[in-house]
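Visitor: Contents of input.tsv (TSV, C-alpha atoms and all ligand atoms) are given next:
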chain	number	residue	atom	x	y	z
A	1	MET	CA	-14.47	-31.20	8.23
A	2	PRO	CA	-11.48	-30.38	5.99
A	3	GLU	CA	-7.96	-30.87	7.34
A	4	LEU	CA	-7.09	-27.29	6.37
A	5	MET	CA	-9.43	-25.20	8.48
A	6	ILE	CA	-8.23	-21.87	7.16
A	7	GLN	CA	-6.75	-21.15	3.75
A	8	VAL	CA	-5.59	-17.67	2.96
A	9	GLU	CA	-4.26	-16.94	-0.53
A	10	ASN	CA	-2.64	-13.67	-1.62
A	11	LEU	CA	-4.91	-11.78	0.72
A	12	THR	CA	-4.73	-8.01	0.39
A	13	LYS	CA	-6.67	-5.30	2.16
A	14	VAL	CA	-6.18	-1.66	1.29
A	15	TYR	CA	-7.63	1.25	3.27
A	16	GLY	CA	-7.25	4.38	1.17
A	17	SER	CA	-3.49	4.58	0.70
A	18	THR	CA	-2.62	2.05	3.46
A	19	ARG	CA	-1.88	-1.52	2.45
A	20	ALA	CA	-2.91	-2.98	5.81
A	21	VAL	CA	-2.58	-6.56	4.54
A	22	ASP	CA	-0.28	-7.12	1.60
A	23	ASP	CA	-0.38	-10.37	-0.37
A	24	VAL	CA	-0.53	-12.72	2.62
A	25	THR	CA	-0.72	-16.49	2.13
A	26	PHE	CA	-0.99	-19.13	4.87
A	27	ASN	CA	-2.94	-22.19	5.98
A	28	VAL	CA	-4.07	-23.36	9.38
A	29	ARG	CA	-4.51	-27.07	10.02
A	30	LYS	CA	-7.11	-28.61	12.23
A	31	GLY	CA	-6.05	-28.60	15.88
A	32	GLU	CA	-3.38	-25.96	15.55
A	33	VAL	CA	-3.04	-23.05	17.94
A	34	LEU	CA	-1.62	-20.41	15.68
A	35	GLY	CA	-0.05	-17.26	17.04
A	36	PHE	CA	-0.36	-14.24	14.84
A	37	LEU	CA	2.49	-12.06	16.01
A	38	GLY	CA	3.40	-8.55	14.94
A	39	PRO	CA	3.91	-5.00	16.15
A	40	ASN	CA	0.96	-2.62	16.42
A	41	GLY	CA	-0.34	-1.68	13.01
A	42	ALA	CA	1.11	-4.78	11.33
A	43	GLY	CA	-2.26	-5.91	9.97
A	44	LYS	CA	-3.30	-8.60	12.46
A	45	SER	CA	-6.76	-7.26	13.24
A	46	THR	CA	-7.47	-6.52	9.60
A	47	THR	CA	-6.62	-10.11	8.62
A	48	MET	CA	-8.87	-11.40	11.39
A	49	LYS	CA	-11.72	-9.13	10.32
A	50	VAL	CA	-11.50	-10.55	6.81
A	51	LEU	CA	-11.48	-14.12	8.14
A	52	THR	CA	-14.53	-13.41	10.26
A	53	CYS	CA	-16.38	-11.75	7.37
A	54	TYR	CA	-16.44	-8.27	8.93
A	55	LEU	CA	-14.41	-6.83	6.06
A	56	ALA	CA	-14.29	-7.75	2.40
A	57	PRO	CA	-10.78	-8.30	1.06
A	58	THR	CA	-9.42	-5.97	-1.62
A	59	GLY	CA	-7.67	-8.89	-3.30
A	60	GLY	CA	-6.92	-12.57	-2.89
A	61	ARG	CA	-9.16	-14.99	-1.05
A	62	ALA	CA	-9.78	-16.67	2.25
A	63	GLN	CA	-11.60	-19.87	3.11
A	64	VAL	CA	-12.73	-20.96	6.53
A	65	ALA	CA	-13.81	-24.55	7.14
A	66	GLY	CA	-13.86	-24.94	3.37
A	67	PHE	CA	-16.16	-21.96	2.76
A	68	ASP	CA	-15.22	-18.71	1.08
A	69	VAL	CA	-15.50	-15.71	3.41
A	70	PHE	CA	-16.94	-13.56	0.66
A	71	ASP	CA	-19.29	-15.93	-1.15
A	72	ASN	CA	-20.42	-18.00	1.79
A	73	SER	CA	-20.13	-15.85	4.86
A	74	LEU	CA	-23.11	-17.39	6.65
A	75	GLU	CA	-21.49	-20.84	6.61
A	76	VAL	CA	-18.17	-19.35	7.67
A	77	ARG	CA	-19.77	-17.64	10.67
A	78	LYS	CA	-21.39	-20.90	11.77
A	79	HIS	CA	-17.97	-22.43	12.21
A	80	LEU	CA	-16.35	-19.47	13.91
A	81	GLY	CA	-16.14	-17.95	17.33
A	82	TYR	CA	-14.61	-14.46	17.34
A	83	LEU	CA	-13.26	-12.26	20.07
A	84	PRO	CA	-12.74	-8.83	18.47
A	85	GLU	CA	-9.95	-6.56	19.67
A	86	ASP	CA	-12.22	-4.12	21.46
A	87	THR	CA	-14.66	-6.68	22.93
A	88	PRO	CA	-17.90	-4.86	22.12
A	89	LEU	CA	-20.26	-5.87	24.88
A	90	TYR	CA	-23.67	-4.48	25.79
A	91	LYS	CA	-22.89	-2.71	29.01
A	92	ASP	CA	-26.45	-2.47	30.33
A	93	MET	CA	-27.10	-6.21	30.21
A	94	THR	CA	-26.12	-8.58	32.97
A	95	VAL	CA	-23.52	-11.19	32.08
A	96	LEU	CA	-26.21	-13.87	31.93
A	97	GLU	CA	-28.52	-11.72	29.79
A	98	TYR	CA	-25.67	-10.93	27.46
A	99	LEU	CA	-24.74	-14.58	26.97
A	100	GLN	CA	-28.41	-15.47	26.42
A	101	PHE	CA	-28.60	-12.70	23.85
A	102	ALA	CA	-25.43	-13.91	22.14
A	103	ALA	CA	-26.85	-17.46	22.03
A	104	ALA	CA	-30.11	-16.22	20.53
A	105	MET	CA	-28.21	-14.22	17.91
A	106	ARG	CA	-26.47	-17.41	16.88
A	107	GLY	CA	-29.80	-19.17	16.63
A	108	MET	CA	-29.02	-21.69	19.37
A	109	ALA	CA	-31.99	-23.65	20.71
A	110	SER	CA	-32.87	-22.50	24.22
A	111	ASP	CA	-32.36	-25.81	26.06
A	112	ARG	CA	-28.93	-26.18	24.47
A	113	SER	CA	-27.96	-22.57	25.05
A	114	GLU	CA	-28.87	-22.85	28.73
A	115	LYS	CA	-26.63	-25.86	29.09
A	116	ARG	CA	-23.77	-24.25	27.16
A	117	ILE	CA	-23.99	-20.99	29.10
A	118	LYS	CA	-23.63	-22.95	32.34
A	119	GLU	CA	-20.74	-24.98	31.02
A	120	ILE	CA	-18.79	-22.20	29.30
A	121	GLY	CA	-19.60	-19.74	32.08
A	122	GLY	CA	-17.99	-22.18	34.48
A	123	ARG	CA	-14.95	-22.67	32.30
A	124	CYS	CA	-14.45	-18.95	31.99
A	125	GLY	CA	-15.01	-18.36	35.71
A	126	LEU	CA	-18.15	-16.27	35.23
A	127	HIS	CA	-20.61	-17.89	37.65
A	128	GLU	CA	-20.01	-15.42	40.45
A	129	VAL	CA	-20.62	-12.42	38.18
A	130	ALA	CA	-23.59	-13.83	36.21
A	131	GLY	CA	-25.98	-11.24	37.69
A	132	LYS	CA	-23.66	-8.26	37.36
A	133	LEU	CA	-23.99	-5.63	34.67
A	134	VAL	CA	-21.37	-6.04	31.96
A	135	GLY	CA	-20.54	-2.32	32.26
A	136	GLU	CA	-19.56	-2.83	35.90
A	137	LEU	CA	-17.10	-5.61	35.26
A	138	SER	CA	-13.35	-5.24	35.43
A	139	ARG	CA	-11.40	-5.50	32.19
A	140	GLY	CA	-10.37	-9.08	33.00
A	141	TYR	CA	-13.94	-10.21	33.52
A	142	ARG	CA	-15.11	-8.43	30.41
A	143	GLN	CA	-12.46	-10.27	28.45
A	144	ARG	CA	-13.74	-13.54	29.89
A	145	VAL	CA	-17.30	-12.66	28.87
A	146	GLY	CA	-16.01	-11.98	25.36
A	147	LEU	CA	-14.24	-15.31	25.32
A	148	ALA	CA	-17.33	-17.12	26.64
A	149	GLN	CA	-19.42	-15.48	23.92
A	150	ALA	CA	-16.93	-16.67	21.29
A	151	MET	CA	-17.01	-20.26	22.56
A	152	LEU	CA	-20.73	-20.45	23.24
A	153	ASP	CA	-21.86	-22.29	20.14
A	154	ASP	CA	-18.92	-24.72	20.36
A	155	PRO	CA	-17.30	-23.47	17.13
A	156	ASP	CA	-14.61	-25.48	15.35
A	157	ILE	CA	-12.45	-22.42	14.96
A	158	LEU	CA	-11.74	-19.65	17.43
A	159	ILE	CA	-10.30	-16.33	16.33
A	160	LEU	CA	-9.09	-14.27	19.25
A	161	ASP	CA	-7.75	-10.77	18.69
A	162	GLU	CA	-5.29	-9.90	21.48
A	163	PRO	CA	-7.15	-12.01	24.05
A	164	THR	CA	-4.92	-11.02	26.96
A	165	SER	CA	-4.45	-7.33	26.24
A	166	GLY	CA	-5.13	-5.16	29.26
A	167	LEU	CA	-5.18	-8.04	31.72
A	168	ASP	CA	-3.07	-8.27	34.84
A	169	PRO	CA	-0.43	-11.02	35.10
A	170	ASN	CA	-2.67	-13.43	37.03
A	171	GLN	CA	-5.51	-13.02	34.58
A	172	ILE	CA	-3.09	-13.51	31.69
A	173	VAL	CA	-2.01	-16.85	33.10
A	174	GLU	CA	-5.64	-17.93	33.53
A	175	ILE	CA	-6.69	-16.91	30.02
A	176	ARG	CA	-3.62	-18.61	28.51
A	177	GLN	CA	-4.50	-21.78	30.37
A	178	LEU	CA	-8.03	-21.59	29.06
A	179	ILE	CA	-6.85	-21.06	25.48
A	180	LYS	CA	-4.43	-23.97	25.76
A	181	GLU	CA	-7.20	-26.21	26.96
A	182	VAL	CA	-9.58	-25.10	24.23
A	183	GLY	CA	-6.75	-25.59	21.74
A	184	LYS	CA	-6.68	-29.32	22.46
A	185	GLU	CA	-10.00	-29.75	20.68
A	186	LYS	CA	-10.29	-26.69	18.45
A	187	THR	CA	-8.40	-24.72	15.88
A	188	VAL	CA	-7.36	-21.40	17.36
A	189	ILE	CA	-5.81	-18.27	15.89
A	190	LEU	CA	-4.79	-15.63	18.38
A	191	SER	CA	-3.07	-12.36	17.71
A	192	THR	CA	-0.66	-10.55	19.95
A	193	HIS	CA	2.17	-8.06	19.83
A	194	ILE	CA	3.78	-9.73	22.84
A	195	LEU	CA	6.32	-12.41	22.10
A	196	PRO	CA	6.14	-14.46	25.33
A	197	GLU	CA	2.43	-14.77	24.67
A	198	VAL	CA	2.93	-16.93	21.60
A	199	GLN	CA	5.76	-18.89	23.20
A	200	ALA	CA	3.47	-19.81	26.06
A	201	THR	CA	0.42	-20.72	24.05
A	202	CYS	CA	1.04	-21.50	20.40
A	203	SER	CA	2.19	-24.51	18.41
A	204	ARG	CA	2.89	-22.38	15.37
A	205	ILE	CA	3.74	-18.76	14.77
A	206	LEU	CA	3.16	-16.38	11.90
A	207	ILE	CA	5.03	-13.10	12.07
A	208	ILE	CA	3.49	-10.20	10.21
A	209	SER	CA	5.16	-6.86	9.66
A	210	SER	CA	3.76	-3.89	7.70
A	211	GLY	CA	1.07	-6.10	6.21
A	212	LYS	CA	3.50	-8.74	4.98
A	213	LEU	CA	4.06	-12.21	6.29
A	214	VAL	CA	7.72	-12.45	7.23
A	215	ALA	CA	7.88	-15.82	9.01
A	216	ASP	CA	5.83	-18.98	9.42
A	217	GLY	CA	6.89	-21.95	11.54
A	218	THR	CA	7.06	-23.60	14.94
A	219	PRO	CA	8.92	-21.65	17.64
A	220	ASP	CA	11.88	-24.02	17.18
A	221	GLU	CA	11.92	-23.60	13.42
A	222	LEU	CA	11.94	-19.84	13.78
A	223	ARG	CA	14.78	-19.96	16.26
A	224	ALA	CA	16.74	-22.19	13.89
A	225	ARG	CA	16.51	-19.54	11.15
A	226	GLU	CA	18.68	-17.32	13.23
A	227	LYS	CA	22.09	-18.91	12.90
A	228	ALA	CA	24.10	-16.54	15.02
A	229	SER	CA	24.91	-17.48	18.56
A	230	ARG	CA	26.49	-15.66	21.43
A	231	TYR	CA	29.07	-16.86	23.94
A	232	ARG	CA	29.93	-15.55	27.32
A	233	LEU	CA	33.29	-16.42	28.68
A	234	VAL	CA	35.20	-15.56	31.83
A	235	VAL	CA	38.91	-16.29	32.14
A	236	GLU	CA	41.61	-15.63	34.65
A	237	ALA	CA	44.65	-14.79	32.61
A	238	ASN	CA	47.38	-14.24	35.18
A	239	GLY	CA	49.33	-11.17	34.21
A	240	THR	CA	47.80	-10.75	30.75
A	241	THR	CA	45.63	-7.71	30.06
A	242	ALA	CA	42.01	-7.95	29.01
A	243	GLU	CA	42.99	-6.29	25.70
A	244	ALA	CA	45.46	-9.04	24.89
A	245	VAL	CA	42.92	-11.75	25.69
A	246	LYS	CA	40.33	-9.95	23.67
A	247	ALA	CA	42.62	-9.66	20.66
A	248	ARG	CA	43.35	-13.38	20.82
A	249	LEU	CA	39.64	-14.26	21.05
A	250	ALA	CA	38.70	-11.91	18.24
A	251	SER	CA	41.21	-13.63	15.97
A	252	ILE	CA	39.41	-16.97	16.25
A	253	LYS	CA	37.73	-17.96	13.01
A	254	GLY	CA	33.97	-17.58	13.23
A	255	VAL	CA	34.01	-14.88	15.91
A	256	SER	CA	32.40	-11.81	14.41
A	257	ARG	CA	32.56	-9.58	17.43
A	258	CYS	CA	34.17	-9.61	20.86
A	259	ASP	CA	33.33	-7.23	23.69
A	260	THR	CA	34.83	-6.91	27.12
A	261	VAL	CA	32.10	-7.01	29.72
A	262	LEU	CA	32.13	-6.37	33.41
A	263	GLY	CA	33.63	-9.38	35.16
A	264	GLU	CA	34.81	-10.33	38.59
A	265	GLU	CA	37.96	-8.88	40.06
A	266	ARG	CA	41.13	-10.28	38.45
A	267	ALA	CA	39.08	-12.19	35.90
A	268	HIS	CA	38.24	-10.94	32.42
A	269	ALA	CA	34.77	-11.41	30.98
A	270	PHE	CA	33.87	-11.30	27.30
A	271	SER	CA	30.83	-11.52	25.13
A	272	LEU	CA	31.41	-13.04	21.70
A	273	ASP	CA	29.14	-13.10	18.70
A	274	ALA	CA	29.63	-15.87	16.20
A	275	ALA	CA	28.06	-16.17	12.80
A	276	GLY	CA	27.14	-19.62	11.53
A	277	ASP	CA	25.78	-22.48	13.57
A	278	GLU	CA	29.09	-24.14	14.46
A	279	ASP	CA	29.56	-24.59	18.20
A	280	LEU	CA	32.75	-22.73	19.14
A	281	ARG	CA	32.99	-23.97	22.72
A	282	LYS	CA	35.70	-26.56	22.01
A	283	ILE	CA	37.80	-23.98	20.18
A	284	LEU	CA	37.37	-21.45	22.97
A	285	PHE	CA	38.34	-24.06	25.53
A	286	ARG	CA	41.44	-24.95	23.46
A	287	ALA	CA	42.41	-21.28	23.22
A	288	ALA	CA	42.22	-20.99	27.00
A	289	VAL	CA	44.40	-24.06	27.53
A	290	ASP	CA	46.98	-23.03	24.91
A	291	ASN	CA	47.29	-19.56	26.42
A	292	LYS	CA	47.34	-20.86	29.98
A	293	TRP	CA	44.19	-18.93	30.91
A	294	THR	CA	42.01	-20.44	33.57
A	295	LEU	CA	38.52	-20.83	32.19
A	296	LEU	CA	36.03	-19.86	34.88
A	297	GLU	CA	32.90	-19.76	32.79
A	298	LEU	CA	31.80	-20.64	29.25
A	299	GLN	CA	28.26	-20.28	28.10
A	300	ARG	CA	26.56	-20.53	24.75
A	301	GLU	CA	23.22	-18.86	24.08
A	302	ALA	CA	21.35	-19.84	20.97
A	303	ALA	CA	19.47	-17.06	19.22
A	304	SER	CA	16.28	-16.25	21.02
A	305	LEU	CA	12.90	-15.89	19.42
A	306	GLU	CA	13.17	-12.29	20.56
A	307	THR	CA	16.13	-11.73	18.24
A	308	VAL	CA	14.26	-13.35	15.38
A	309	PHE	CA	11.22	-11.17	16.00
A	310	ARG	CA	13.27	-8.00	16.28
A	311	ASN	CA	15.27	-8.72	13.15
A	312	LEU	CA	12.13	-9.43	11.16
A	313	THR	CA	10.06	-6.50	12.31
A	314	THR	CA	12.45	-3.61	12.96
A	315	GLY	CA	11.76	-0.30	11.35
A	316	GLU	CA	8.06	-0.60	12.00
A	317	GLU	CA	6.22	2.17	13.82
A	318	SER	CA	5.00	0.92	17.16
A	319	LYS	CA	2.09	2.89	18.48
A	320	SER	CA	2.09	1.64	22.03
A	401	LIG	P1	-2.76	-4.63	14.08
A	401	LIG	O1	-4.02	-5.32	14.49
A	401	LIG	O2	-1.67	-5.56	13.68
A	401	LIG	O3	-2.30	-3.64	15.11
A	401	LIG	P2	-4.43	-3.38	12.07
A	401	LIG	O4	-4.89	-4.48	11.20
A	401	LIG	O5	-5.39	-2.85	13.08
A	401	LIG	O6	-3.05	-3.78	12.75
A	401	LIG	O7	-3.99	-2.15	11.17
A	401	LIG	C1	-3.14	-2.29	10.04
A	401	LIG	C2	-2.96	-0.95	9.35
A	401	LIG	O8	-4.19	-0.53	8.79
A	401	LIG	C3	-2.54	0.18	10.26
A	401	LIG	O9	-1.67	1.00	9.56
A	401	LIG	C4	-3.83	0.89	10.58
A	401	LIG	O10	-3.58	2.25	10.89
A	401	LIG	C5	-4.60	0.72	9.31
A	401	LIG	N1	-6.06	0.66	9.53
A	401	LIG	C6	-6.70	-0.23	10.32
A	401	LIG	N2	-8.05	-0.03	10.27
A	401	LIG	C7	-8.25	1.02	9.44
A	401	LIG	C8	-9.41	1.69	8.97
A	401	LIG	N3	-10.63	1.32	9.32
A	401	LIG	N4	-9.23	2.72	8.10
A	401	LIG	C9	-7.99	3.09	7.71
A	401	LIG	N5	-6.85	2.48	8.11
A	401	LIG	C10	-6.97	1.46	8.96
A	402	MG	MG	-5.03	-5.18	16.30
Could you write out this structure as structure tokens?
Ligand code: ADP
Ligand code: MG
Guide:
Amino acid sequence: MPELMIQVENLTKVYGSTRAVDDVTFNVRKGEVLGFLGPNGAGKSTTMKVLTCYLAPTGGRAQVAGFDVFDNSLEVRKHLGYLPEDTPLYKDMTVLEYLQFAAAMRGMASDRSEKRIKEIGGRCGLHEVAGKLVGELSRGYRQRVGLAQAMLDDPDILILDEPTSGLDPNQIVEIRQLIKEVGKEKTVILSTHILPEVQATCSRILIISSGKLVADGTPDELRAREKASRYRLVVEANGTTAEAVKARLASIKGVSRCDTVLGEERAHAFSLDAAGDEDLRKILFRAAVDNKWTLLELQREAASLETVFRNLTTGEESKS
């Protein structure tokens, strides 16, 4: 098995006049849980459909487990488990029948498929609904059936398109746990438009916006790109007005913005933005001492992944 499980080079997919995926290049190493993050319409599903051989690319290439998705799609499919975004399940089959059908479609031998259905069914919490019709299941259970189907043949790579969409908070926690566990042994790509999703589950994040890849790194690396930090500070400045304190704070080198915020009675509270990655806390403390303000609170917040995501993807139409 190659170390690079997925290699995508200058991948482009055009639908009519829409460049859904625009010159995207990335690799996924063995054992990574990669979060594919972007607003609705960014091109996540399209990329996944190319990787899973459901769509031919317009340009560029993609390899999965060392095989080209276009020239060698049969080999690619053998290595993949795929949960599509709209989990197409046969509603008039029972859960067990559906999983048996999925196993047969993958050409699994019947003794092995029986064993795997038991094992994966257990892992996905499906035993108690095995005899129920798929069409009668709740959204959460249907999602689990889709996940079980994707993992049935023990693929090396799992591609999960919005695996937790439409689930309630408890189900989300369960599915995340399951993905994390699977991610210990397998290579996983999951897409989502929800930031906390990738923070909770993924070791690496790709951010896609309007078909273009705009960031690629670990959550920490992405946070480090955003140099700005914000300070919150509360002082008691006996007799001095908030405006005077504010003016003094705003004059400190490195402070790009200073706002008065609602504080306690008699105390003045401020929110400061600073450019650059220098820690201004010592300087702010000094300013308080020199001006005889009593410092009641001083807090530094590093840029959040949320800020990074918003800065990289603003301007994009969100359809939900
Ligand atoms: P995401 O999964 O990130 O929400 P998609 O890959 O589904 O994004 O869609 C990317 C862009 O391609 C969107 O602008 C979408 O409207 C368009 N698109 C997706 N599928 C089709 C299609 N079959 N025909 C035409 N346009 C499509
Ligand atoms: Mg999608």
Visitor: Counting only C-alpha atoms, what is within 8 Å of region 202-206 of chain A, bar same-chain residues fewer than 5 positions away, as a ChimeraX atom specification?
Guide: /A:32-37,213-219
Visitor: Provide the CA of Val188 (chain A) to CA of Ser45 (chain A) distance in Å, to one decimal place.
Guide: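 CA of Ser45 (chain A) lies 14.7 Å from CA of Val188 (chain A).
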Visitor: Using all atoms listed in the file for the distances, tell me which of A:Arg112, A:Lys212, A:Lys132, A:Lys184 is nearest to ligand LIG 401 (chain A).
Guide: A:Lys212
Visitor: Using all atoms listed in the file, which protein or nucleic acid residues come within 12 Å of Asp279 (chain A)? Drop anything in the same chain fewer than 2 positions from it, and give the result as a ChimeraX atom specification.
Guide: /A:227-231,253-255,273-277,281-285,298-302
Visitor: Taking only C-alpha atoms and all ligand atoms into account, which residues are within 12 Å of ligand MG 402 (chain A), as a ChimeraX atom specification?
Guide: /A:20,36-49,83-87,160-163,165,190-194,208,211,318-320
Visitor: Which one is closest to Pro2 (chain A): A:Ala102, A:Leu262, A:Met151, A:Ala65? Count only C-alpha atoms.
Guide: A:Ala65
Visitor: Nearest to ligand LIG 401 (chain A): which of A:Ile175, A:Asp22, A:Thr201, A:Ile6 is it, counting only C-alpha atoms and all ligand atoms?
Guide: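 Using only C-alpha atoms and all ligand atoms, the shortest distance to ligand LIG 401 (chain A) belongs to A:Asp22.
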Visitor: For atom O10 of ligand LIG 401 (chain A) and CA of Arg176 (chain A), determine how far apart the two atoms are, in Å to one decimal place.
Guide: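 Interatomic distance here is 27.3 Å.
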Visitor: Mind giving me the straight-line distance from CA of Glu278 (chain A) to CA of Thr240 (chain A) in Å, one decimal?
Guide: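 Going from CA of Glu278 (chain A) over to CA of Thr240 (chain A) covers 28.2 Å.
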Visitor: Neighbouring residues of region 303-308 of chain A were defined as those with any atom within 6 Å, considering all atoms listed in the file; residues of the same chain fewer than 2 positions away were excluded. Please report them as a compact mmCIF listing (two decimals) with C-alpha atoms, in the coordinates of the input.
Guide:
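Contents of result-v7.txt, freshly written:
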# COMPACT_ATOMS: atom_id res chain seq x y z
CA ARG A 223 14.78 -19.96 16.26
CA SER A 229 24.91 -17.48 18.56
CA ARG A 310 13.27 -8.00 16.28
CA ASN A 311 15.27 -8.72 13.15
Visitor: List the neighbours of region 141-149 of chain A out to 8 Å using all atoms listed in the file; skip same-chain residues closer than 5 positions along the sequence, and give me the result as a ChimeraX atom specification.
Guide: /A:81,83,87,89,95,99,102-103,120-121,124-126,134,163-164,175
Visitor: Give the answer as one residue: which of A:Thr18, A:Asn72, A:Gln171, A:Asn291 has the shortest atom-to-atom distance to ligand LIG 401 (chain A), using only C-alpha atoms and all ligand atoms?
Guide: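 Under the stated criterion, the closest residue is A:Thr18.
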Visitor: So which residues touch Val8 (chain A) within 7 Å, counting only C-alpha atoms, skipping near sequence neighbours fewer than 3 positions away, as a list in words?
Guide: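 Near Val8 (chain A), the qualifying residues are Leu11, Thr25, Phe26, Asn27, Arg61, Ala62 and Gln63 of chain A.
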Visitor: Counting all atoms listed in the file, figure out which residue out of A:Asn170, A:Ser209, A:Gln199, A:Thr58 gets nearest to Gly140 (chain A).
Guide: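 Smallest distance to Gly140 (chain A) is found for A:Asn170.
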Visitor: Out of A:Tyr54, A:Met5, A:Arg266, A:Val234, which residue has the shortest atom-to-atom distance to ligand LIG 401 (chain A) when counting all atoms listed in the file?
Guide: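 Of A:Tyr54, A:Met5, A:Arg266, A:Val234, the one nearest ligand LIG 401 (chain A), counting all atoms listed in the file, is A:Tyr54.
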Visitor: Box time for region 197-214 of chain A: axis-aligned, enclosing all its listed atoms, 4 Å extra on each side; report centre and edge lengths in Å to one decimal, as JSON.
Guide:
{"center_x": 4.1, "center_y": -14.2, "center_z": 15.5, "size_x": 15.3, "size_y": 28.6, "size_z": 29.1}
Visitor: Will you model all heavy atoms for region 18-24 of chain A and pass it back as a PDB file, keeping the file's coordinate frame?
Guide:
ATOM      1  N   THR A  18      -3.340   2.998   2.591  1.00  0.00           N
ATOM      2  CA  THR A  18      -2.620   2.050   3.460  1.00  0.00           C
ATOM      3  C   THR A  18      -2.857   0.614   3.008  1.00  0.00           C
ATOM      4  O   THR A  18      -4.002   0.174   2.912  1.00  0.00           O
ATOM      5  CB  THR A  18      -3.127   2.164   4.928  1.00  0.00           C
ATOM      6  OG1 THR A  18      -3.123   3.530   5.304  1.00  0.00           O
ATOM      7  CG2 THR A  18      -2.275   1.349   5.874  1.00  0.00           C
ATOM      8  N   ARG A  19      -1.739  -0.086   2.718  1.00  0.00           N
ATOM      9  CA  ARG A  19      -1.880  -1.520   2.450  1.00  0.00           C
ATOM     10  C   ARG A  19      -1.775  -2.232   3.797  1.00  0.00           C
ATOM     11  O   ARG A  19      -0.689  -2.586   4.235  1.00  0.00           O
ATOM     12  CB  ARG A  19      -0.781  -2.019   1.507  1.00  0.00           C
ATOM     13  CG  ARG A  19      -0.889  -1.479   0.100  1.00  0.00           C
ATOM     14  CD  ARG A  19       0.182  -2.058  -0.804  1.00  0.00           C
ATOM     15  NE  ARG A  19      -0.249  -3.297  -1.453  1.00  0.00           N
ATOM     16  CZ  ARG A  19      -1.070  -3.337  -2.491  1.00  0.00           C
ATOM     17  NH1 ARG A  19      -1.562  -2.233  -2.986  1.00  0.00           N
ATOM     18  NH2 ARG A  19      -1.403  -4.482  -3.032  1.00  0.00           N
ATOM     19  N   ALA A  20      -2.905  -2.418   4.456  1.00  0.00           N
ATOM     20  CA  ALA A  20      -2.910  -2.980   5.810  1.00  0.00           C
ATOM     21  C   ALA A  20      -2.517  -4.457   5.776  1.00  0.00           C
ATOM     22  O   ALA A  20      -1.825  -4.950   6.664  1.00  0.00           O
ATOM     23  CB  ALA A  20      -4.279  -2.812   6.446  1.00  0.00           C
ATOM     24  N   VAL A  21      -2.966  -5.162   4.744  1.00  0.00           N
ATOM     25  CA  VAL A  21      -2.580  -6.560   4.540  1.00  0.00           C
ATOM     26  C   VAL A  21      -2.119  -6.667   3.097  1.00  0.00           C
ATOM     27  O   VAL A  21      -2.818  -6.235   2.190  1.00  0.00           O
ATOM     28  CB  VAL A  21      -3.757  -7.526   4.821  1.00  0.00           C
ATOM     29  CG1 VAL A  21      -3.361  -8.964   4.554  1.00  0.00           C
ATOM     30  CG2 VAL A  21      -4.260  -7.364   6.254  1.00  0.00           C
ATOM     31  N   ASP A  22      -0.908  -7.205   2.909  1.00  0.00           N
ATOM     32  CA  ASP A  22      -0.280  -7.120   1.600  1.00  0.00           C
ATOM     33  C   ASP A  22       0.146  -8.493   1.087  1.00  0.00           C
ATOM     34  O   ASP A  22       1.199  -8.990   1.452  1.00  0.00           O
ATOM     35  CB  ASP A  22       0.930  -6.164   1.722  1.00  0.00           C
ATOM     36  CG  ASP A  22       1.482  -5.741   0.370  1.00  0.00           C
ATOM     37  OD1 ASP A  22       0.953  -6.216  -0.656  1.00  0.00           O
ATOM     38  OD2 ASP A  22       2.441  -4.952   0.357  1.00  0.00           O
ATOM     39  N   ASP A  23      -0.725  -9.125   0.313  1.00  0.00           N
ATOM     40  CA  ASP A  23      -0.380 -10.370  -0.370  1.00  0.00           C
ATOM     41  C   ASP A  23       0.033 -11.481   0.620  1.00  0.00           C
ATOM     42  O   ASP A  23       1.102 -12.070   0.495  1.00  0.00           O
ATOM     43  CB  ASP A  23       0.757 -10.092  -1.366  1.00  0.00           C
ATOM     44  CG  ASP A  23       0.872 -11.184  -2.411  1.00  0.00           C
ATOM     45  OD1 ASP A  23      -0.113 -11.926  -2.621  1.00  0.00           O
ATOM     46  OD2 ASP A  23       1.959 -11.312  -3.001  1.00  0.00           O
ATOM     47  N   VAL A  24      -0.833 -11.754   1.564  1.00  0.00           N
ATOM     48  CA  VAL A  24      -0.530 -12.720   2.620  1.00  0.00           C
ATOM     49  C   VAL A  24      -1.117 -14.098   2.278  1.00  0.00           C
ATOM     50  O   VAL A  24      -2.266 -14.201   1.875  1.00  0.00           O
ATOM     51  CB  VAL A  24      -1.081 -12.214   3.974  1.00  0.00           C
ATOM     52  CG1 VAL A  24      -1.146 -13.335   4.995  1.00  0.00           C
ATOM     53  CG2 VAL A  24      -0.219 -11.068   4.489  1.00  0.00           C
TER      54      VAL A  24
END
